[in-house]
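Data file: input_35.tsv. Format and content: TSV, C-alpha atoms and all ligand atoms.
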chain	number	residue	atom	x	y	z
A	1	MET	CA	0.00	0.00	0.00
A	2	LYS	CA	1.27	3.46	-0.90
A	3	PHE	CA	1.36	6.33	1.58
A	4	PHE	CA	0.54	9.81	0.31
A	5	ILE	CA	0.40	12.90	2.50
A	6	ASP	CA	-2.72	15.05	2.19
A	7	THR	CA	-1.41	18.59	2.60
A	8	ALA	CA	0.12	21.55	0.80
A	9	ASN	CA	2.35	22.36	3.80
A	10	LEU	CA	5.97	22.02	2.68
A	11	ASP	CA	7.35	21.42	6.19
A	12	GLN	CA	4.94	18.55	6.77
A	13	ILE	CA	5.72	17.10	3.34
A	14	ARG	CA	9.46	17.27	4.16
A	15	GLU	CA	8.88	15.62	7.56
A	16	ALA	CA	6.95	12.74	5.98
A	17	GLN	CA	9.53	12.45	3.20
A	18	ASP	CA	12.32	12.24	5.81
A	19	LEU	CA	10.61	9.17	7.28
A	20	GLY	CA	11.42	7.40	4.00
A	21	ILE	CA	7.93	5.98	3.52
A	22	LEU	CA	6.28	8.67	1.41
A	23	ASP	CA	5.02	7.78	-2.08
A	24	GLY	CA	3.20	10.95	-3.06
A	25	VAL	CA	1.14	14.00	-2.16
A	26	THR	CA	-2.47	15.04	-2.62
A	27	THR	CA	-3.59	18.65	-2.47
A	28	ASN	CA	-6.91	20.38	-3.00
A	29	PRO	CA	-7.98	24.03	-3.26
A	30	SER	CA	-8.83	24.16	0.47
A	31	LEU	CA	-5.41	22.81	1.46
A	32	MET	CA	-3.68	25.32	-0.85
A	33	ALA	CA	-5.77	28.15	0.64
A	34	LYS	CA	-4.84	26.98	4.17
A	35	GLU	CA	-1.19	27.62	3.27
A	36	GLY	CA	-2.07	31.06	1.88
A	37	ILE	CA	-1.07	30.11	-1.67
A	38	ARG	CA	-2.94	32.40	-4.06
A	39	GLY	CA	-2.63	33.50	-7.68
A	40	LYS	CA	-1.95	31.19	-10.61
A	41	GLU	CA	1.81	31.68	-10.76
A	42	ASN	CA	2.24	31.05	-7.03
A	43	ILE	CA	0.01	27.99	-7.16
A	44	LEU	CA	1.96	26.46	-10.07
A	45	GLN	CA	5.26	27.26	-8.34
A	46	HIS	CA	3.98	25.60	-5.16
A	47	TYR	CA	3.28	22.38	-7.07
A	48	LEU	CA	6.83	22.52	-8.43
A	49	ASN	CA	8.17	23.00	-4.89
A	50	ILE	CA	6.25	19.91	-3.77
A	51	CYS	CA	7.58	17.89	-6.73
A	52	GLU	CA	11.12	18.80	-5.67
A	53	ILE	CA	10.61	17.31	-2.21
A	54	VAL	CA	8.80	14.08	-3.12
A	55	LYS	CA	9.65	11.69	-5.92
A	56	GLY	CA	6.13	10.43	-6.46
A	57	ASP	CA	2.72	11.42	-7.74
A	58	VAL	CA	1.44	14.87	-6.80
A	59	SER	CA	-2.28	15.48	-7.30
A	60	ALA	CA	-3.12	19.01	-8.44
A	61	GLU	CA	-6.80	19.88	-8.69
A	62	VAL	CA	-8.49	21.83	-11.48
A	63	ILE	CA	-10.72	24.73	-10.48
A	64	ALA	CA	-12.87	24.80	-13.62
A	65	THR	CA	-16.07	22.77	-13.60
A	66	ASP	CA	-16.85	23.01	-17.31
A	67	TYR	CA	-15.35	20.52	-19.79
A	68	GLU	CA	-13.27	23.00	-21.82
A	69	GLY	CA	-11.98	24.68	-18.69
A	70	MET	CA	-10.97	21.39	-17.08
A	71	ILE	CA	-9.17	20.30	-20.25
A	72	ALA	CA	-7.24	23.58	-20.50
A	73	GLU	CA	-6.27	23.59	-16.81
A	74	GLY	CA	-5.46	19.89	-16.75
A	75	LYS	CA	-3.18	20.18	-19.77
A	76	GLU	CA	-1.30	23.05	-18.15
A	77	LEU	CA	-0.94	21.17	-14.87
A	78	SER	CA	0.24	17.98	-16.56
A	79	LEU	CA	2.86	19.87	-18.56
A	80	LEU	CA	4.18	21.48	-15.38
A	81	HIS	CA	5.92	18.33	-14.12
A	82	SER	CA	5.87	14.61	-14.94
A	83	GLN	CA	4.84	13.82	-11.34
A	84	ILE	CA	1.62	15.82	-11.58
A	85	VAL	CA	-1.64	13.86	-11.62
A	86	VAL	CA	-4.62	16.00	-12.65
A	87	LYS	CA	-7.33	15.93	-10.01
A	88	ILE	CA	-10.81	16.11	-11.49
A	89	PRO	CA	-14.09	16.32	-9.56
A	90	MET	CA	-16.69	13.56	-9.88
A	91	ILE	CA	-19.20	15.47	-11.97
A	92	LYS	CA	-20.63	14.80	-15.43
A	93	GLU	CA	-18.15	17.11	-17.18
A	94	GLY	CA	-15.43	15.59	-15.03
A	95	ILE	CA	-16.10	12.10	-16.37
A	96	LYS	CA	-15.80	13.44	-19.91
A	97	ALA	CA	-12.55	15.18	-19.01
A	98	ILE	CA	-11.13	12.00	-17.39
A	99	LYS	CA	-11.93	10.08	-20.57
A	100	TYR	CA	-10.24	12.77	-22.67
A	101	PHE	CA	-7.09	12.73	-20.50
A	102	SER	CA	-7.01	8.95	-20.46
A	103	ARG	CA	-6.91	8.94	-24.29
A	104	GLN	CA	-4.04	11.46	-24.09
A	105	GLU	CA	-2.26	9.25	-21.52
A	106	ILE	CA	-2.49	12.03	-18.94
A	107	ARG	CA	-3.10	10.55	-15.50
A	108	THR	CA	-6.07	11.70	-13.45
A	109	ASN	CA	-7.31	11.37	-9.90
A	110	CYS	CA	-11.10	11.47	-9.66
A	111	THR	CA	-11.92	13.30	-6.44
A	112	LEU	CA	-15.02	13.72	-4.27
A	113	VAL	CA	-16.10	10.10	-4.71
A	114	PHE	CA	-18.75	8.94	-2.24
A	115	SER	CA	-20.37	5.91	-3.87
A	116	LEU	CA	-19.61	2.67	-5.67
A	117	GLY	CA	-21.38	3.91	-8.79
A	118	GLN	CA	-19.19	7.01	-8.94
A	119	ALA	CA	-16.04	4.90	-8.55
A	120	LEU	CA	-17.21	2.55	-11.30
A	121	LEU	CA	-17.77	5.41	-13.75
A	122	ALA	CA	-14.40	7.01	-12.95
A	123	ALA	CA	-12.63	3.67	-13.56
A	124	LYS	CA	-14.58	3.09	-16.76
A	125	ALA	CA	-13.50	6.56	-17.97
A	126	GLY	CA	-9.88	5.62	-17.31
A	127	ALA	CA	-8.91	7.46	-14.09
A	128	ALA	CA	-5.54	6.44	-12.68
A	129	TYR	CA	-6.92	6.94	-9.15
A	130	VAL	CA	-10.33	7.27	-7.54
A	131	SER	CA	-10.51	9.10	-4.23
A	132	PRO	CA	-13.36	8.00	-1.94
A	133	PHE	CA	-13.59	10.43	1.01
A	134	ILE	CA	-14.03	8.11	3.96
A	135	GLY	CA	-13.93	10.66	6.81
A	136	ARG	CA	-16.69	12.74	5.26
A	137	LEU	CA	-18.80	9.59	4.82
A	138	ASP	CA	-18.25	8.67	8.47
A	139	ASP	CA	-19.42	12.21	9.32
A	140	VAL	CA	-22.82	11.41	7.82
A	141	SER	CA	-23.13	8.04	9.56
A	142	THR	CA	-21.98	5.96	6.58
A	143	ASP	CA	-19.06	3.54	6.92
A	144	GLY	CA	-16.37	5.00	4.65
A	145	VAL	CA	-14.05	2.00	4.96
A	146	GLU	CA	-16.84	-0.31	3.77
A	147	LEU	CA	-16.98	1.77	0.58
A	148	ILE	CA	-13.22	1.24	0.12
A	149	ARG	CA	-13.73	-2.52	0.51
A	150	SER	CA	-16.58	-2.56	-2.04
A	151	ILE	CA	-14.61	-0.55	-4.61
A	152	VAL	CA	-11.51	-2.74	-4.19
A	153	ASP	CA	-13.63	-5.89	-4.69
A	154	LEU	CA	-15.37	-4.44	-7.75
A	155	PHE	CA	-12.14	-3.28	-9.39
A	156	HIS	CA	-10.51	-6.67	-8.78
A	157	TYR	CA	-13.54	-8.52	-10.17
A	158	TYR	CA	-13.51	-6.54	-13.41
A	159	GLY	CA	-9.74	-6.09	-13.60
A	160	PHE	CA	-9.79	-2.28	-13.59
A	161	GLU	CA	-6.30	-0.82	-13.28
A	162	THR	CA	-7.61	2.28	-11.47
A	163	GLN	CA	-6.05	2.55	-8.01
A	164	VAL	CA	-8.23	3.05	-4.95
A	165	LEU	CA	-6.89	6.07	-3.07
A	166	ALA	CA	-8.54	6.32	0.34
A	167	ALA	CA	-8.92	10.03	1.13
A	168	SER	CA	-10.34	12.17	3.93
A	169	ILE	CA	-8.43	10.04	6.44
A	170	ARG	CA	-8.91	11.33	9.98
A	171	SER	CA	-6.96	8.91	12.17
A	172	SER	CA	-4.30	6.23	12.33
A	173	MET	CA	-7.09	3.68	12.75
A	174	HIS	CA	-8.54	4.80	9.42
A	175	ILE	CA	-5.18	3.96	7.80
A	176	ILE	CA	-5.13	0.49	9.35
A	177	ARG	CA	-8.72	-0.24	8.34
A	178	CYS	CA	-8.07	0.96	4.78
A	179	ALA	CA	-5.02	-1.31	4.59
A	180	GLU	CA	-7.19	-4.24	5.73
A	181	ALA	CA	-9.80	-3.30	3.12
A	182	GLY	CA	-7.18	-3.47	0.37
A	183	ALA	CA	-6.78	0.22	-0.52
A	184	ASP	CA	-3.95	0.77	-3.02
A	185	VAL	CA	-3.12	4.15	-1.49
A	186	VAL	CA	-3.99	6.11	1.64
A	187	THR	CA	-3.59	9.88	1.67
A	188	CYS	CA	-3.28	11.08	5.23
A	189	PRO	CA	-2.56	14.04	7.46
A	190	LEU	CA	0.96	13.85	8.94
A	191	GLN	CA	-0.41	13.27	12.45
A	192	SER	CA	-2.28	10.12	11.36
A	193	ILE	CA	0.92	8.71	9.83
A	194	LEU	CA	2.96	9.54	12.93
A	195	GLY	CA	0.25	8.01	15.12
A	196	LEU	CA	1.03	4.60	13.61
A	197	ILE	CA	4.44	4.72	15.28
A	198	GLU	CA	3.10	5.17	18.79
A	199	HIS	CA	2.36	2.38	21.29
A	200	PRO	CA	2.54	2.79	25.09
A	201	LEU	CA	4.19	-0.64	25.48
A	202	THR	CA	6.93	0.44	23.04
A	203	THR	CA	7.56	3.57	25.14
A	204	ILE	CA	7.56	1.62	28.43
A	205	GLY	CA	9.72	-1.17	26.95
A	206	LEU	CA	12.32	1.26	25.60
A	207	GLU	CA	12.49	3.16	28.90
A	208	LYS	CA	13.15	-0.13	30.73
A	209	PHE	CA	15.84	-1.24	28.27
A	210	LEU	CA	17.63	2.10	28.57
A	211	SER	CA	17.38	2.28	32.38
A	212	ASP	CA	18.76	-1.28	32.70
A	213	TYR	CA	21.63	-0.32	30.38
A	214	ARG	CA	22.36	2.85	32.40
A	215	LYS	CA	22.45	0.91	35.70
A	216	LEU	CA	25.50	-1.03	34.50
A	217	ASN	CA	27.08	1.57	32.25
A	218	SER	CA	27.08	4.84	34.16
B	301	LIG	C1	-8.19	14.12	-1.02
B	301	LIG	O1	-7.38	14.13	-1.93
B	301	LIG	C2	-8.60	15.32	-0.28
B	301	LIG	O2	-7.58	16.29	-0.34
B	301	LIG	C3	-8.81	15.10	1.19
B	301	LIG	O3	-8.49	13.82	1.61
B	301	LIG	C4	-10.04	15.71	1.76
B	301	LIG	O4	-10.15	15.37	3.10
B	301	LIG	P1	-10.95	16.19	4.19
B	301	LIG	O5	-12.29	15.55	4.35
B	301	LIG	O6	-10.13	16.03	5.44
B	301	LIG	O7	-11.03	17.62	3.72

Write out the structure in this file as structure tokens.
Ligand code: E4P
Amino acid sequence: MKFFIDTANLDQIREAQDLGILDGVTTNPSLMAKEGIRGKENILQHYLNICEIVKGDVSAEVIATDYEGMIAEGKELSLLHSQIVVKIPMIKEGIKAIKYFSRQEIRTNCTLVFSLGQALLAAKAGAAYVSPFIGRLDDVSTDGVELIRSIVDLFHYYGFETQVLAASIRSSMHIIRCAEAGADVVTCPLQSILGLIEHPLTTIGLEKFLSDYRKLNS
């Protein structure tokens, strides 16, 4: 399973990259705004900065919601850097745009996926990734991880090459459950990744090892 970080914060991307386990980055307009990145030139430069830190796929989302606009923006984003994957929203025009990019061999990530039917259409159109938002589903009393499991099963059954990218991860437990459900990728906040490291018995065990060592070696 691949680990992506879901942020536009360069320090957090560097910290995850330093762990040696990072495979890519996802961003969205809200995450870019959170970092105060505004204006086309600054936004494009920020994607380039991210690509310099991580040697993996970097999802960059289009703002347009009409077909022509998505095609124009997506082309520009894909030409920016070979690591860029064009993120397209799951709307009618988006499906058409994904199909267009798939014919051009430009990789896309279909975002804002909340149902099996949406995932099926995105895969059929040729998306490289589909991004089901599991945290937001949990927020409305629907089991997000169960959707991941259903999409993984469906894609395996039909042999779709589209990767299931579990998004809107809110906790370390989400990561573990997505791994069990067979997600190809999880995109997570840094804290959820770091949370996987922690266990109280590890902390207690290490303290004991070190205090026993110090008793004889100080
Ligand atoms: C996915 O690519 C999105 O950026 C992201 O996971 C959205 O998550 P949120 O529900 O935490 O905003």

Mind giving me the straight-line distance from CA of Cys188 (chain A) to CA of Val25 (chain A) in Å, one decimal? 9.1 Å

Nearest residue to ligand LIG 301 (chain B) from the set A:Ile148, A:Val185, A:Leu194, A:Ala167 (distances using all atoms listed in the file):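 Going through A:Ile148, A:Val185, A:Leu194, A:Ala167 one by one, the smallest distance to ligand LIG 301 (chain B) is for A:Ala167.
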
Which residue is closest to Lys99 (chain A)? Choose from A:Leu80, A:Ala127, A:Ala72, A:Ile175 and count only C-alpha atoms.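 Using only C-alpha atoms, the shortest distance to Lys99 (chain A) belongs to A:Ala127.
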
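Residue nearest ligand LIG 301 (chain B) within the list A:Gln191, A:Thr202, A:Gln83, A:Thr26: A:Thr26 [criterion: smallest interatomic distance, only C-alpha atoms and all ligand atoms].
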
Go through A:Cys51, A:Met1, A:Ile84, A:Ala97 one by one, measure the shortest atom-to-atom distance of each to Gly182 (chain A) using all atoms listed in the file, and give the residue with the smallest value. A:Met1

List as a ChimeraX atom specification the residues having at least one atom at most 9 Å from position (-5.8, 4.2, -20.7) as given in the file, counting all atoms listed in the file. /A:99,101-107,125-128,161

Considering all atoms listed in the file, give me a table of residues in chain A that are at most 7 Å from ligand LIG 301 (chain B), with the closest atom pair and distance in Å for each, as a tab-separated table.
residue	atom	partner	partner_atom	distance
A:Asp6	CA	B:LIG301	O2	5.6
A:Thr26	CA	B:LIG301	O1	5.0
A:Thr27	CA	B:LIG301	O2	5.1
A:Asn28	CA	B:LIG301	O2	4.9
A:Thr111	CA	B:LIG301	O1	6.5
A:Ser131	CA	B:LIG301	O1	6.4
A:Phe133	CA	B:LIG301	O3	6.2
A:Gly135	CA	B:LIG301	O5	5.7
A:Arg136	CA	B:LIG301	O5	5.3
A:Ala167	CA	B:LIG301	O3	3.8
A:Ser168	CA	B:LIG301	O4	3.3
A:Ile169	CA	B:LIG301	O3	6.1
A:Arg170	CA	B:LIG301	O6	6.6
A:Thr187	CA	B:LIG301	O3	6.3
A:Cys188	CA	B:LIG301	O3	6.9

Excluding Gly74 (chain A) and any residue of its chain fewer than 4 positions from it, enumerate the residues within 12 Å of it, using only C-alpha atoms, and give them as an mmCIF file with C-alpha atoms, in the frame of the given file.
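Now in around-v6.cif:
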data_model
loop_
_atom_site.group_PDB
_atom_site.id
_atom_site.type_symbol
_atom_site.label_atom_id
_atom_site.label_comp_id
_atom_site.auth_asym_id
_atom_site.auth_seq_id
_atom_site.Cartn_x
_atom_site.Cartn_y
_atom_site.Cartn_z
ATOM 1 C CA LEU A 44 1.960 26.460 -10.070
ATOM 2 C CA SER A 59 -2.280 15.480 -7.300
ATOM 3 C CA ALA A 60 -3.120 19.010 -8.440
ATOM 4 C CA GLU A 61 -6.800 19.880 -8.690
ATOM 5 C CA VAL A 62 -8.490 21.830 -11.480
ATOM 6 C CA ILE A 63 -10.720 24.730 -10.480
ATOM 7 C CA ALA A 64 -12.870 24.800 -13.620
ATOM 8 C CA THR A 65 -16.070 22.770 -13.600
ATOM 9 C CA ASP A 66 -16.850 23.010 -17.310
ATOM 10 C CA TYR A 67 -15.350 20.520 -19.790
ATOM 11 C CA GLU A 68 -13.270 23.000 -21.820
ATOM 12 C CA GLY A 69 -11.980 24.680 -18.690
ATOM 13 C CA MET A 70 -10.970 21.390 -17.080
ATOM 14 C CA SER A 78 0.240 17.980 -16.560
ATOM 15 C CA LEU A 79 2.860 19.870 -18.560
ATOM 16 C CA LEU A 80 4.180 21.480 -15.380
ATOM 17 C CA HIS A 81 5.920 18.330 -14.120
ATOM 18 C CA ILE A 84 1.620 15.820 -11.580
ATOM 19 C CA VAL A 85 -1.640 13.860 -11.620
ATOM 20 C CA VAL A 86 -4.620 16.000 -12.650
ATOM 21 C CA LYS A 87 -7.330 15.930 -10.010
ATOM 22 C CA ILE A 88 -10.810 16.110 -11.490
ATOM 23 C CA PRO A 89 -14.090 16.320 -9.560
ATOM 24 C CA GLY A 94 -15.430 15.590 -15.030
ATOM 25 C CA ALA A 97 -12.550 15.180 -19.010
ATOM 26 C CA ILE A 98 -11.130 12.000 -17.390
ATOM 27 C CA TYR A 100 -10.240 12.770 -22.670
ATOM 28 C CA PHE A 101 -7.090 12.730 -20.500
ATOM 29 C CA SER A 102 -7.010 8.950 -20.460
ATOM 30 C CA GLN A 104 -4.040 11.460 -24.090
ATOM 31 C CA ILE A 106 -2.490 12.030 -18.940
ATOM 32 C CA ARG A 107 -3.100 10.550 -15.500
ATOM 33 C CA THR A 108 -6.070 11.700 -13.450
ATOM 34 C CA ASN A 109 -7.310 11.370 -9.900
#

Need the shell around Leu10 (chain A): protein/DNA/RNA residues with any atom at most 10 Å away, counting all atoms listed in the file. Skip same-chain ones fewer than 2 positions apart. Format as a PyMOL selection string? chain A and resi 7-8+12-16+35+46+49-50+53

Have a look at CA of Ala33 (chain A) and CA of Lys55 (chain A) and let me know their distance in Å, one decimal.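 It comes out at 23.5 Å.
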
Out of A:Cys110, A:Lys215, A:Asn9, A:Val186, which residue has the shortest atom-to-atom distance to Leu22 (chain A) when counting all atoms listed in the file? A:Val186

When you count all atoms listed in the file, which of these residues is closest to Ser172 (chain A): A:Glu198, A:Glu207, A:Glu73, A:Asp57? A:Glu198

Atom-to-atom span, CA of Leu116 (chain A) and CA of Leu154 (chain A), Å: 8.5 Å

Please supply region 109-120 of chain A, rebuilt with N, CA and C atoms, as a PDB file, in the frame of the given file.
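Below you can see result24.pdb, which holds the result:
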ATOM      1  N   ASN A 109      -6.818  11.838 -11.191  1.00  0.00           N
ATOM      2  CA  ASN A 109      -7.310  11.370  -9.900  1.00  0.00           C
ATOM      3  C   ASN A 109      -8.729  11.907  -9.762  1.00  0.00           C
ATOM      4  N   CYS A 110      -9.705  11.024  -9.764  1.00  0.00           N
ATOM      5  CA  CYS A 110     -11.100  11.470  -9.660  1.00  0.00           C
ATOM      6  C   CYS A 110     -11.437  11.685  -8.186  1.00  0.00           C
ATOM      7  N   THR A 111     -11.740  12.935  -7.843  1.00  0.00           N
ATOM      8  CA  THR A 111     -11.920  13.300  -6.440  1.00  0.00           C
ATOM      9  C   THR A 111     -13.396  13.497  -6.090  1.00  0.00           C
ATOM     10  N   LEU A 112     -13.657  13.547  -4.788  1.00  0.00           N
ATOM     11  CA  LEU A 112     -15.020  13.720  -4.270  1.00  0.00           C
ATOM     12  C   LEU A 112     -15.910  12.538  -4.642  1.00  0.00           C
ATOM     13  N   VAL A 113     -15.368  11.340  -4.439  1.00  0.00           N
ATOM     14  CA  VAL A 113     -16.100  10.100  -4.710  1.00  0.00           C
ATOM     15  C   VAL A 113     -16.731   9.604  -3.396  1.00  0.00           C
ATOM     16  N   PHE A 114     -18.026   9.353  -3.445  1.00  0.00           N
ATOM     17  CA  PHE A 114     -18.750   8.940  -2.240  1.00  0.00           C
ATOM     18  C   PHE A 114     -19.606   7.699  -2.447  1.00  0.00           C
ATOM     19  N   SER A 115     -19.527   7.100  -3.644  1.00  0.00           N
ATOM     20  CA  SER A 115     -20.370   5.910  -3.870  1.00  0.00           C
ATOM     21  C   SER A 115     -19.671   4.945  -4.823  1.00  0.00           C
ATOM     22  N   LEU A 116     -20.156   3.706  -4.799  1.00  0.00           N
ATOM     23  CA  LEU A 116     -19.610   2.670  -5.670  1.00  0.00           C
ATOM     24  C   LEU A 116     -19.867   3.009  -7.137  1.00  0.00           C
ATOM     25  N   GLY A 117     -21.035   3.539  -7.416  1.00  0.00           N
ATOM     26  CA  GLY A 117     -21.380   3.910  -8.790  1.00  0.00           C
ATOM     27  C   GLY A 117     -20.451   4.976  -9.335  1.00  0.00           C
ATOM     28  N   GLN A 118     -20.116   5.959  -8.502  1.00  0.00           N
ATOM     29  CA  GLN A 118     -19.190   7.010  -8.940  1.00  0.00           C
ATOM     30  C   GLN A 118     -17.810   6.424  -9.235  1.00  0.00           C
ATOM     31  N   ALA A 119     -17.364   5.521  -8.357  1.00  0.00           N
ATOM     32  CA  ALA A 119     -16.040   4.900  -8.550  1.00  0.00           C
ATOM     33  C   ALA A 119     -16.026   4.081  -9.840  1.00  0.00           C
ATOM     34  N   LEU A 120     -17.115   3.367 -10.094  1.00  0.00           N
ATOM     35  CA  LEU A 120     -17.210   2.550 -11.300  1.00  0.00           C
ATOM     36  C   LEU A 120     -17.101   3.414 -12.566  1.00  0.00           C
TER      37      LEU A 120
END
